[in-house]
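Data block for run35.cif (mmCIF, C-alpha atoms (C1' of nucleotides)):
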```cif
data_run
loop_
_atom_site.label_atom_id
_atom_site.label_comp_id
_atom_site.auth_asym_id
_atom_site.auth_seq_id
_atom_site.Cartn_x
_atom_site.Cartn_y
_atom_site.Cartn_z
CA MET A 891 0.00 0.00 0.00
CA ARG A 892 1.14 3.37 -0.82
CA SER A 893 0.39 6.71 0.60
CA ARG A 894 -2.13 8.25 -1.70
CA ARG A 895 -0.58 11.09 -3.52
CA TYR A 896 1.19 13.59 -1.39
CA SER A 897 -0.59 15.41 1.36
CA THR A 898 -1.07 18.78 -0.19
CA MET A 899 -0.54 20.81 2.90
CA ASN A 900 2.40 19.51 4.79
CA ALA A 901 0.52 18.29 7.78
CA MET A 902 -0.34 21.76 8.94
CA LYS A 903 -3.99 22.11 8.22
CA TRP A 904 -5.10 25.32 9.70
CA SER A 905 -4.49 25.26 13.41
CA PRO A 906 -0.80 24.98 14.12
CA ALA A 907 1.12 26.19 17.13
CA VAL A 908 0.03 29.78 16.77
CA THR A 909 -2.75 29.27 19.26
CA ALA A 910 -0.58 30.36 22.17
CA ALA A 911 -1.00 34.03 21.43
CA THR A 912 -4.03 35.95 22.58
CA SER A 913 -6.06 36.82 19.53
CA THR A 914 -3.05 38.10 17.68
CA ARG A 915 -4.05 37.82 14.12
CA GLU A 916 -1.18 35.74 12.95
CA LEU A 917 -1.07 33.45 9.99
CA ALA A 918 0.62 30.10 9.75
CA HIS A 919 3.45 29.86 7.28
CA PRO A 920 5.51 26.81 6.45
CA SER A 921 9.14 27.06 7.43
CA CYS A 922 11.68 26.75 4.65
CA ALA A 923 12.34 23.16 5.62
CA GLU A 924 8.67 22.38 5.17
CA ILE A 925 8.32 23.81 1.69
CA ARG A 926 7.98 21.11 -0.93
CA LEU A 927 8.64 21.49 -4.61
CA GLU A 928 5.56 19.52 -5.51
CA GLY A 929 3.43 21.84 -3.41
CA VAL A 930 4.94 24.92 -5.02
CA LEU A 931 4.41 23.56 -8.51
CA HIS A 932 0.86 22.63 -7.66
CA ALA A 933 0.17 26.08 -6.29
CA LEU A 934 1.54 27.65 -9.47
CA SER A 935 -0.37 25.31 -11.78
CA ASP A 936 -3.65 27.15 -11.29
CA PRO A 937 -4.19 30.00 -13.77
CA LEU A 938 -5.59 32.39 -11.21
CA ARG A 939 -2.87 31.70 -8.70
CA LEU A 940 -0.21 32.07 -11.36
CA ARG A 941 -1.73 35.40 -12.27
CA ILE A 942 -1.60 36.50 -8.64
CA VAL A 943 2.04 35.51 -8.41
CA ARG A 944 2.89 37.36 -11.59
CA GLU A 945 1.34 40.54 -10.26
CA LEU A 946 3.11 40.13 -6.94
CA ALA A 947 6.39 39.69 -8.77
CA VAL A 948 6.22 43.05 -10.46
CA ALA A 949 5.06 44.85 -7.33
CA ASP A 950 7.61 46.57 -5.17
CA ASP A 951 6.16 45.42 -1.90
CA ALA A 952 3.21 43.49 -0.55
CA LEU A 953 -0.24 43.95 -2.01
CA SER A 954 -3.63 43.62 -0.39
CA CYS A 955 -5.94 40.85 -1.50
CA SER A 956 -8.46 43.38 -2.70
CA TYR A 957 -5.90 44.87 -5.05
CA PHE A 958 -6.48 42.02 -7.43
CA ASP A 959 -9.48 42.12 -9.68
CA LEU A 960 -10.22 38.43 -9.91
CA PRO A 961 -13.30 36.99 -11.59
CA ILE A 962 -14.19 34.91 -8.55
CA SER A 963 -15.97 35.39 -5.27
CA LYS A 964 -14.28 36.63 -2.13
CA SER A 965 -14.37 33.22 -0.50
CA THR A 966 -12.65 31.64 -3.44
CA THR A 967 -10.07 34.40 -3.43
CA THR A 968 -9.33 33.63 0.20
CA HIS A 969 -8.94 29.99 -0.74
CA HIS A 970 -6.40 30.68 -3.47
CA PHE A 971 -4.32 32.96 -1.29
CA ARG A 972 -4.30 30.33 1.40
CA VAL A 973 -3.04 27.70 -1.04
CA LEU A 974 -0.24 30.04 -2.04
CA ARG A 975 0.65 30.77 1.56
CA GLU A 976 0.51 27.19 2.79
CA SER A 977 2.65 25.99 -0.07
CA GLY A 978 5.28 28.57 0.82
CA VAL A 979 4.98 30.77 -2.26
CA ILE A 980 3.76 33.90 -0.51
CA GLU A 981 3.79 35.39 2.96
CA GLN A 982 0.85 37.24 4.40
CA ASN A 983 0.18 39.47 7.35
CA TYR A 984 -2.50 41.83 8.46
CA ARG A 985 -2.21 45.58 8.20
CA GLY A 986 -5.30 47.13 9.64
CA THR A 987 -8.28 45.52 7.97
CA ALA A 988 -6.23 44.63 4.96
CA LYS A 989 -4.24 41.48 4.44
CA MET A 990 -1.00 42.06 2.65
CA SER A 991 0.62 39.43 0.47
CA GLY A 992 4.14 39.28 -0.85
CA LEU A 993 6.28 36.72 -2.62
CA ARG A 994 8.73 34.71 -0.51
CA ARG A 995 11.31 35.40 -3.12
CA GLU A 996 14.44 34.91 -1.07
CA ASP A 997 13.25 31.72 0.56
CA LEU A 998 12.27 30.25 -2.79
CA ASP A 999 15.49 31.34 -4.46
CA ARG A 1000 17.51 29.72 -1.73
CA LEU A 1001 15.55 26.49 -1.81
CA PHE A 1002 15.07 26.27 -5.58
CA PRO A 1003 17.53 28.54 -7.35
CA GLY A 1004 16.19 29.94 -10.57
CA LEU A 1005 12.84 28.24 -10.34
CA LEU A 1006 10.71 31.27 -9.63
CA ASP A 1007 12.37 33.36 -12.30
CA SER A 1008 12.02 30.72 -14.96
CA VAL A 1009 8.35 30.19 -14.10
CA LEU A 1010 7.75 33.92 -14.26
CA GLY A 1011 9.64 34.10 -17.51
CA ALA A 1012 7.70 31.18 -18.91
CA ALA A 1013 4.43 32.80 -17.89
CA ALA A 1014 5.43 36.03 -19.56
CA ALA A 1015 6.51 34.17 -22.70
CA GLN A 1016 3.25 32.33 -22.86
CA ALA A 1017 1.24 35.48 -22.28
CA ALA A 1018 3.10 37.11 -25.17
CA ARG A 1019 2.64 34.04 -27.33
CA LEU A 1020 -1.09 33.98 -26.75
CA GLY A 1021 -3.17 37.11 -26.96
CA ASP A 1022 -1.40 38.44 -23.90
CA ARG A 1023 -3.61 40.30 -21.57
CA MET D 1370 -17.48 -12.80 -25.16
CA ARG D 1371 -14.56 -13.63 -27.27
CA SER D 1372 -15.78 -11.79 -30.30
CA ARG D 1373 -16.80 -8.59 -28.67
CA ARG D 1374 -16.18 -5.60 -30.85
CA TYR D 1375 -13.65 -3.63 -28.94
CA SER D 1376 -11.37 -2.17 -31.54
CA THR D 1377 -14.22 -0.50 -33.36
CA MET D 1378 -14.90 1.86 -30.51
CA ASN D 1379 -11.24 2.48 -30.18
CA ALA D 1380 -10.82 3.36 -33.78
CA MET D 1381 -13.66 5.82 -33.60
CA LYS D 1382 -12.13 7.47 -30.63
CA TRP D 1383 -8.76 7.93 -32.22
CA SER D 1384 -9.46 8.42 -35.87
CA PRO D 1385 -10.78 12.01 -35.90
CA ALA D 1386 -7.36 13.15 -34.77
CA VAL D 1387 -6.14 13.00 -38.35
CA THR D 1388 -2.32 12.91 -38.19
CA ALA D 1389 -1.18 11.30 -41.41
CA ALA D 1390 -0.37 8.00 -39.88
CA THR D 1391 1.68 5.19 -41.23
CA SER D 1392 0.63 2.95 -38.40
CA THR D 1393 -2.64 2.63 -36.59
CA ARG D 1394 -0.87 2.75 -33.25
CA GLU D 1395 -0.07 6.37 -33.01
CA LEU D 1396 -0.37 8.51 -29.96
CA ALA D 1397 -1.80 12.01 -29.79
CA HIS D 1398 0.65 14.68 -28.77
CA PRO D 1399 -0.05 18.37 -28.29
CA SER D 1400 1.69 20.62 -30.75
CA CYS D 1401 4.06 23.19 -29.31
CA ALA D 1402 1.40 25.84 -29.74
CA GLU D 1403 -0.97 23.80 -27.63
CA ILE D 1404 1.35 23.30 -24.68
CA ARG D 1405 0.31 25.35 -21.68
CA LEU D 1406 2.52 26.30 -18.80
CA GLU D 1407 -0.21 25.54 -16.29
CA GLY D 1408 -0.57 22.05 -17.69
CA VAL D 1409 3.17 21.44 -17.54
CA LEU D 1410 3.36 22.65 -13.96
CA HIS D 1411 0.40 20.51 -13.03
CA ALA D 1412 1.96 17.47 -14.63
CA LEU D 1413 5.17 18.07 -12.71
CA SER D 1414 3.43 18.66 -9.39
CA ASP D 1415 2.78 14.98 -8.80
CA PRO D 1416 5.63 13.20 -6.98
CA LEU D 1417 5.50 10.11 -9.13
CA ARG D 1418 5.40 12.04 -12.36
CA LEU D 1419 8.22 14.26 -11.22
CA ARG D 1420 10.21 11.14 -10.44
CA ILE D 1421 9.54 9.77 -13.91
CA VAL D 1422 10.68 13.02 -15.47
CA ARG D 1423 13.84 13.03 -13.38
CA GLU D 1424 14.73 9.55 -14.55
CA LEU D 1425 13.99 10.43 -18.15
CA ALA D 1426 16.22 13.47 -17.83
CA VAL D 1427 19.29 11.45 -16.95
CA ALA D 1428 18.60 8.82 -19.60
CA ASP D 1429 20.28 9.12 -22.94
CA ASP D 1430 17.28 8.18 -24.98
CA ALA D 1431 13.71 7.04 -24.55
CA LEU D 1432 12.79 4.52 -21.88
CA SER D 1433 10.02 1.97 -21.80
CA CYS D 1434 7.24 2.35 -19.27
CA SER D 1435 8.23 -0.90 -17.63
CA TYR D 1436 11.70 0.43 -16.98
CA PHE D 1437 10.35 2.36 -14.04
CA ASP D 1438 9.76 0.57 -10.80
CA LEU D 1439 6.82 2.54 -9.53
CA PRO D 1440 4.84 1.61 -6.43
CA ILE D 1441 1.54 1.75 -8.28
CA SER D 1442 -0.48 -0.51 -10.52
CA LYS D 1443 0.02 -0.70 -14.23
CA SER D 1444 -3.22 1.11 -14.96
CA THR D 1445 -2.15 4.00 -12.78
CA THR D 1446 1.22 4.03 -14.47
CA THR D 1447 -0.50 4.35 -17.82
CA HIS D 1448 -2.52 7.23 -16.42
CA HIS D 1449 0.55 9.14 -15.27
CA PHE D 1450 2.36 8.70 -18.55
CA ARG D 1451 -0.69 9.92 -20.38
CA VAL D 1452 -0.85 13.05 -18.23
CA LEU D 1453 2.79 13.72 -19.03
CA ARG D 1454 2.25 13.17 -22.72
CA GLU D 1455 -0.94 15.20 -23.00
CA SER D 1456 0.59 18.11 -21.16
CA GLY D 1457 3.51 18.12 -23.59
CA VAL D 1458 6.24 17.06 -21.20
CA ILE D 1459 7.08 13.76 -22.86
CA GLU D 1460 6.68 12.11 -26.23
CA GLN D 1461 5.78 8.49 -26.64
CA ASN D 1462 5.75 5.96 -29.41
CA TYR D 1463 5.49 2.24 -29.75
CA ARG D 1464 8.47 0.01 -30.40
CA GLY D 1465 7.29 -3.54 -30.67
CA THR D 1466 5.24 -4.30 -27.61
CA ALA D 1467 7.00 -1.63 -25.63
CA LYS D 1468 6.04 2.01 -25.38
CA MET D 1469 9.01 4.28 -25.29
CA SER D 1470 8.93 7.64 -23.53
CA GLY D 1471 11.32 10.54 -23.81
CA LEU D 1472 11.40 14.11 -22.64
CA ARG D 1473 10.38 16.81 -25.11
CA ARG D 1474 13.40 18.74 -24.03
CA GLU D 1475 13.89 20.92 -27.08
CA ASP D 1476 10.24 21.85 -27.37
CA LEU D 1477 10.07 22.76 -23.71
CA ASP D 1478 13.31 24.70 -23.81
CA ARG D 1479 12.09 26.69 -26.74
CA LEU D 1480 8.72 27.43 -25.18
CA PHE D 1481 9.88 27.97 -21.62
CA PRO D 1482 13.63 28.60 -21.54
CA GLY D 1483 15.27 27.36 -18.39
CA LEU D 1484 12.12 26.00 -16.85
CA LEU D 1485 12.85 22.32 -17.18
CA ASP D 1486 16.39 22.68 -15.94
CA SER D 1487 15.41 24.68 -12.90
CA VAL D 1488 12.67 22.22 -12.01
CA LEU D 1489 15.11 19.34 -12.35
CA GLY D 1490 17.65 21.23 -10.31
CA ALA D 1491 15.06 22.03 -7.66
CA ALA D 1492 14.02 18.40 -7.51
CA ALA D 1493 17.61 17.31 -7.09
CA ALA D 1494 18.18 19.93 -4.42
CA GLN D 1495 15.14 18.83 -2.51
CA ALA D 1496 16.07 15.17 -2.81
CA ALA D 1497 19.47 16.01 -1.36
CA ARG D 1498 17.92 18.14 1.36
CA LEU D 1499 15.57 15.38 2.41
CA GLY D 1500 16.76 11.87 2.85
CA ASP D 1501 17.30 11.63 -0.85
CA ARG D 1502 16.25 8.35 -2.36
"C1'" DT J 1199 -21.80 53.52 19.18
"C1'" DG J 1200 -22.92 52.39 14.94
"C1'" DC J 1201 -21.38 51.69 10.09
"C1'" DT J 1202 -18.27 50.35 6.52
"C1'" DT J 1203 -14.57 47.78 4.59
"C1'" DC J 1204 -12.01 43.71 4.27
"C1'" DG J 1205 -11.36 39.31 4.96
"C1'" DT J 1206 -12.73 34.46 7.30
"C1'" DA J 1207 -15.24 30.25 8.65
"C1'" DC J 1208 -18.57 27.04 7.36
"C1'" DG J 1209 -21.40 24.13 4.71
"C1'" DA J 1210 -22.69 22.70 0.23
"C1'" DT J 1211 -21.83 21.25 -4.43
"C1'" DA J 1212 -19.86 19.64 -8.37
"C1'" DC J 1213 -15.99 18.44 -10.75
"C1'" DC J 1214 -11.15 16.70 -10.88
"C1'" DC J 1215 -8.01 13.10 -10.25
"C1'" DA J 1216 -5.08 9.13 -8.30
"C1'" DT J 1217 -5.96 4.70 -7.56
"C1'" DC J 1218 -7.52 0.06 -8.38
"C1'" DG J 1219 -9.11 -4.48 -10.65
"C1'" DT J 1220 -10.74 -6.62 -14.61
"C1'" DA J 1221 -10.87 -7.55 -19.16
"C1'" DG J 1222 -9.11 -6.55 -23.49
"C1'" DT J 1223 -5.77 -5.44 -27.67
"C1'" DA J 1224 -1.14 -5.69 -29.98
"C1'" DA J 1225 3.30 -7.48 -31.10
"C1'" DG J 1226 6.71 -11.05 -30.72
"C1'" DC J 1227 8.12 -15.79 -29.90
"C1'" DC J 1228 7.84 -20.96 -29.58
"C1'" DG H 1294 -1.94 -21.60 -33.39
"C1'" DG H 1295 -1.03 -20.83 -28.60
"C1'" DC H 1296 1.75 -18.39 -25.08
"C1'" DT H 1297 4.05 -14.32 -23.17
"C1'" DT H 1298 5.00 -9.61 -22.53
"C1'" DA H 1299 3.56 -4.92 -22.58
"C1'" DC H 1300 0.28 -1.76 -22.38
"C1'" DT H 1301 -4.73 0.11 -22.53
"C1'" DA H 1302 -9.72 1.05 -21.92
"C1'" DC H 1303 -13.42 0.91 -18.74
"C1'" DG H 1304 -15.89 1.51 -14.64
"C1'" DA H 1305 -15.76 2.28 -9.85
"C1'" DT H 1306 -14.24 4.61 -5.71
"C1'" DG H 1307 -12.70 7.84 -2.56
"C1'" DG H 1308 -10.32 11.90 -1.57
"C1'" DG H 1309 -8.92 16.55 -3.43
"C1'" DT H 1310 -10.26 21.17 -4.75
"C1'" DA H 1311 -12.53 25.21 -7.00
"C1'" DT H 1312 -16.52 27.35 -6.52
"C1'" DC H 1313 -20.34 29.60 -4.23
"C1'" DG H 1314 -23.49 32.02 -0.64
"C1'" DT H 1315 -24.23 33.26 3.92
"C1'" DA H 1316 -23.04 34.61 8.24
"C1'" DC H 1317 -19.53 36.32 11.01
"C1'" DG H 1318 -15.24 38.98 13.01
"C1'" DA H 1319 -11.76 42.54 13.33
"C1'" DA H 1320 -10.09 47.24 12.37
"C1'" DG H 1321 -10.94 51.87 11.26
"C1'" DC H 1322 -13.88 55.85 10.90
"C1'" DA H 1323 -17.74 59.15 11.66
#
```
Translate this file's structure into C-alpha cells.
Amino acid sequence: MRSRRYSTMNAMKWSPAVTAATSTRELAHPSCAEIRLEGVLHALSDPLRLRIVRELAVADDALSCSYFDLPISKSTTTHHFRVLRESGVIEQNYRGTAKMSGLRREDLDRLFPGLLDSVLGAAAAQAARLGDR
Amino acid sequence: MRSRRYSTMNAMKWSPAVTAATSTRELAHPSCAEIRLEGVLHALSDPLRLRIVRELAVADDALSCSYFDLPISKSTTTHHFRVLRESGVIEQNYRGTAKMSGLRREDLDRLFPGLLDSVLGAAAAQAARLGDR
DNA sequence: TGCTTCGTACGATACCCATCGTAGTAAGCC
DNA sequence: GGCTTACTACGATGGGTATCGTACGAAGCA
C-alpha cells in the first residue's frame, strides 16, 4: 500500500502552534524546511494563482488581496491565497483591515535557485505568445 | 465474449485526430502551440510524475514504461504517462510491444527557456535536502 | 456607538483526479 | 496456433479542490 498522492498541505492544516498568542491575528506559514517542490508547482499550476504571483512579482512590496481584480468570489479568493501561503509561495500578514501578500522570493530562491524566475519568464513568454492580456 | 467488438470503438475514438499516420498505433501529442505552462506545472506537481521526469532526464534516450519501478499498478502508471504526454512534457511511441517515452526537451526549452532545468535542479536539491532516495 | 470595509469560517456542491481491478488489444516468440 | 510480454480502456471509488453564498469577526472611521 502506498500513501495516496502527497498530502497537499504539509501536515499543517489550519491550526498549528500559533494558538498560544491571545487573539493576535497571525497566519501560519511553512518554514523553509517544510516547503515542498511539488506543493509549489501545484500552487503555481492554477491560472488564477499564477496570475496573482505574476502581479506580486512586479510589485515593489506586498499587495492587499483586494488589489487584485479576480473573476471569482471573495471566498474563493481567500482559498487561493491560502493555497499560495501554505505551499510557501507567498507570505501574508495583516495591516489594519487589509491582508498584505508578498512573494517569498528569497526563501524560494535559496531552496530552488532559478525556479521562480524561470516560471515567471515562462508565464510572460506564454502570455506574449497567446493574446497576452 | 470472445468476439466482442472492442477495436471498433477504439478506432472511432482515435481516428478524428487525423495525423497522417503510417501505423494505426499512433499517440496524440499536443503541438508546441498547444502546450500550456499551467498544464506542464500541473503534470510536474505529482511526486510520481516528477520522479519519472527526473529519470527520463538522466537517460540518454527514450525509456520503456516498464523500466520504471513505480509503487503503483500498471493502470495508474498508464494514467501518469498519459498526463505527461498530453501536457507536452514527454513524447511516446510504440516500439514492438514496448512504449518508449522521452522528454520533449527541445520543445520545452524553446517554449519555456530554463524551466525544465530549474525544475530538475530544484528536484535534485530537494532530494538532497531530504533523505534523498 | 454604529457603520463600513475587508477578509474568514462554514457548509454545500460539483468536478477533478489518483488509484484500483478486470478484461481486453497488440506485437513477438515458440 | 497458442503463449508471453507490454500496455490500454473501462468503470468504480474515494479523496482533493474550486466554486459559491451566507453569516460572522476585526479594524478603522464618523
**OP:** Specify as a VMD selection string each residue included when the PyMOL selection byres ((chain A) within 9 of (chain H)) is applied to this file.
**Re:** chain A and resid 894 898 962 to 963 965 to 966 969 to 970 986 to 988
Original post:
Within 12 Å of Leu1020 in chain A, counting only C-alpha atoms (C1' of nucleotides), which residues qualify if same-chain residues fewer than 2 places away don't, as a ChimeraX atom specification?
Top reply: /A:1013-1018,1022-1023 /D:1402-1406,1480
Lay chain D over chain A using all C-alpha atoms, matched one to one in order, with a least-squares fit; then write it out as a compact mmCIF listing (two decimals) with C-alpha atoms, in the coordinates of the input.
```txt
# COMPACT_ATOMS: atom_id res chain seq x y z
CA MET D 1370 -25.32 19.08 12.78
CA ARG D 1371 -24.66 22.38 14.31
CA SER D 1372 -22.36 21.08 16.97
CA ARG D 1373 -20.21 18.88 14.87
CA ARG D 1374 -16.64 18.82 16.02
CA TYR D 1375 -14.76 20.29 13.15
CA SER D 1376 -12.02 22.33 14.70
CA THR D 1377 -10.68 19.39 16.64
CA MET D 1378 -9.59 17.59 13.53
CA ASN D 1379 -8.16 20.78 12.22
CA ALA D 1380 -6.13 21.41 15.29
CA MET D 1381 -4.69 17.94 15.15
CA LYS D 1382 -3.70 18.42 11.59
CA TRP D 1383 -1.90 21.66 12.20
CA SER D 1384 -0.50 21.37 15.67
CA PRO D 1385 2.44 19.00 15.09
CA ALA D 1386 4.03 21.68 12.96
CA VAL D 1387 5.32 23.38 16.09
CA THR D 1388 6.19 26.97 15.08
CA ALA D 1389 6.02 29.01 18.26
CA ALA D 1390 2.74 30.60 17.47
CA THR D 1391 1.13 33.60 18.98
CA SER D 1392 -2.07 32.93 17.12
CA THR D 1393 -3.78 29.71 16.25
CA ARG D 1394 -4.24 30.85 12.67
CA GLU D 1395 -0.79 30.42 11.35
CA LEU D 1396 0.14 29.02 8.01
CA ALA D 1397 2.91 26.54 7.29
CA HIS D 1398 5.68 27.84 5.10
CA PRO D 1399 8.72 25.95 3.88
CA SER D 1400 12.00 27.21 5.23
CA CYS D 1401 14.52 28.41 2.68
CA ALA D 1402 16.38 25.14 3.03
CA GLU D 1403 13.24 23.26 2.10
CA ILE D 1404 12.48 25.18 -1.08
CA ARG D 1405 13.15 23.12 -4.18
CA LEU D 1406 13.71 24.48 -7.63
CA GLU D 1407 11.52 21.81 -9.18
CA GLY D 1408 8.67 22.78 -6.90
CA VAL D 1409 9.05 26.46 -7.74
CA LEU D 1410 9.10 25.74 -11.45
CA HIS D 1411 6.08 23.51 -11.11
CA ALA D 1412 4.21 26.17 -9.20
CA LEU D 1413 5.01 28.72 -11.89
CA SER D 1414 4.06 26.42 -14.76
CA ASP D 1415 0.34 26.90 -14.24
CA PRO D 1416 -1.10 29.88 -16.15
CA LEU D 1417 -3.29 31.05 -13.32
CA ARG D 1418 -0.55 30.80 -10.75
CA LEU D 1419 1.87 32.57 -13.02
CA ARG D 1420 -0.70 35.32 -13.43
CA ILE D 1421 -1.06 35.62 -9.66
CA VAL D 1422 2.69 35.88 -9.28
CA ARG D 1423 2.89 38.54 -11.97
CA GLU D 1424 0.30 40.65 -10.19
CA LEU D 1425 2.03 40.19 -6.86
CA ALA D 1426 5.29 41.27 -8.44
CA VAL D 1427 3.98 44.66 -9.46
CA ALA D 1428 2.21 45.23 -6.14
CA ASP D 1429 3.96 47.18 -3.46
CA ASP D 1430 2.95 44.96 -0.62
CA ALA D 1431 0.83 41.91 0.08
CA LEU D 1432 -2.54 41.47 -1.59
CA SER D 1433 -5.62 39.68 -0.39
CA CYS D 1434 -6.79 36.59 -2.23
CA SER D 1435 -10.01 38.32 -3.17
CA TYR D 1436 -8.08 41.05 -4.91
CA PHE D 1437 -7.58 38.76 -7.86
CA ASP D 1438 -10.37 38.31 -10.32
CA LEU D 1439 -9.74 34.75 -11.34
CA PRO D 1440 -12.07 32.75 -13.56
CA ILE D 1441 -12.23 29.87 -11.11
CA SER D 1442 -14.14 29.02 -7.97
CA LYS D 1443 -13.03 30.07 -4.55
CA SER D 1444 -12.01 26.57 -3.58
CA THR D 1445 -9.76 26.34 -6.60
CA THR D 1446 -8.32 29.73 -5.79
CA THR D 1447 -7.45 28.49 -2.33
CA HIS D 1448 -5.78 25.48 -3.91
CA HIS D 1449 -3.58 27.59 -6.17
CA PHE D 1450 -2.49 29.89 -3.39
CA ARG D 1451 -1.61 26.91 -1.28
CA VAL D 1452 0.54 25.46 -4.05
CA LEU D 1453 2.36 28.77 -4.30
CA ARG D 1454 2.85 28.96 -0.57
CA GLU D 1455 3.96 25.37 -0.09
CA SER D 1456 6.45 25.61 -2.91
CA GLY D 1457 7.98 28.69 -1.29
CA VAL D 1458 6.99 31.25 -3.89
CA ILE D 1459 4.71 33.32 -1.69
CA GLU D 1460 4.13 33.95 1.98
CA GLN D 1461 0.72 34.32 3.49
CA ASN D 1462 -0.75 35.49 6.74
CA TYR D 1463 -4.11 36.48 8.06
CA ARG D 1464 -5.16 40.07 8.55
CA GLY D 1465 -8.63 40.13 9.97
CA THR D 1466 -10.81 38.02 7.75
CA ALA D 1467 -8.52 38.54 4.81
CA LYS D 1468 -5.53 36.44 3.88
CA MET D 1469 -2.70 38.49 2.54
CA SER D 1470 -0.19 37.10 0.06
CA GLY D 1471 3.17 38.46 -0.96
CA LEU D 1472 6.09 37.23 -2.97
CA ARG D 1473 9.06 35.77 -1.10
CA ARG D 1474 11.28 37.83 -3.29
CA GLU D 1475 14.35 38.03 -1.09
CA ASP D 1476 14.33 34.35 -0.21
CA LEU D 1477 13.98 33.38 -3.85
CA ASP D 1478 16.64 35.82 -4.98
CA ARG D 1479 19.04 34.46 -2.45
CA LEU D 1480 18.35 30.84 -3.33
CA PHE D 1481 18.05 31.25 -7.08
CA PRO D 1482 19.58 34.55 -8.17
CA GLY D 1483 17.91 36.04 -11.20
CA LEU D 1484 15.36 33.30 -11.58
CA LEU D 1485 12.29 35.20 -10.51
CA ASP D 1486 13.17 38.23 -12.58
CA SER D 1487 13.80 36.24 -15.72
CA VAL D 1488 10.55 34.33 -15.31
CA LEU D 1489 8.67 37.58 -14.82
CA GLY D 1490 10.43 39.07 -17.79
CA ALA D 1491 9.67 36.01 -19.89
CA ALA D 1492 6.03 36.17 -18.88
CA ALA D 1493 5.85 39.82 -19.82
CA ALA D 1494 7.57 39.14 -23.12
CA GLN D 1495 5.17 36.37 -23.95
CA ALA D 1496 2.16 38.44 -22.96
CA ALA D 1497 3.38 41.16 -25.31
CA ARG D 1498 4.07 38.64 -28.05
CA LEU D 1499 0.61 37.17 -27.80
CA GLY D 1500 -2.42 39.33 -27.60
CA ASP D 1501 -1.35 40.44 -24.19
CA ARG D 1502 -4.16 40.72 -21.70
```
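Near chain A, counting only C-alpha atoms (C1' of nucleotides) at 8 Å, the chain J residues are DT1203, DC1204, DG1205, DT1206, DA1216 and DT1217 of chain J.
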Go ahead and dump the residues you just picked, C-alpha atoms (C1' of nucleotides), as a CSV table (one decimal), in the coordinates of the input.
```csv
chain,number,residue,atom,x,y,z
J,1203,DT,C1',-14.6,47.8,4.6
J,1204,DC,C1',-12.0,43.7,4.3
J,1205,DG,C1',-11.4,39.3,5.0
J,1206,DT,C1',-12.7,34.5,7.3
J,1216,DA,C1',-5.1,9.1,-8.3
J,1217,DT,C1',-6.0,4.7,-7.6
```
Mind listing as a compact mmCIF listing (two decimals) with C-alpha atoms, in the frame of the given file which residues of chain A are within 6 Å of chain D, counting all atoms listed in the file?
```txt
# COMPACT_ATOMS: atom_id res chain seq x y z
CA GLU A 928 5.56 19.52 -5.51
CA LEU A 931 4.41 23.56 -8.51
CA HIS A 932 0.86 22.63 -7.66
CA SER A 935 -0.37 25.31 -11.78
CA PHE A 1002 15.07 26.27 -5.58
CA GLY A 1004 16.19 29.94 -10.57
CA LEU A 1005 12.84 28.24 -10.34
CA SER A 1008 12.02 30.72 -14.96
CA ALA A 1012 7.70 31.18 -18.91
```
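The spacing separating CA of Pro1399 in chain D from C1' of DG1222 in chain J amounts to 26.9 Å.
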Original post:
What gap, in Å, lies between C1' of DT1199 in chain J and CA of Glu916 in chain A?
Top reply: 27.9 Å
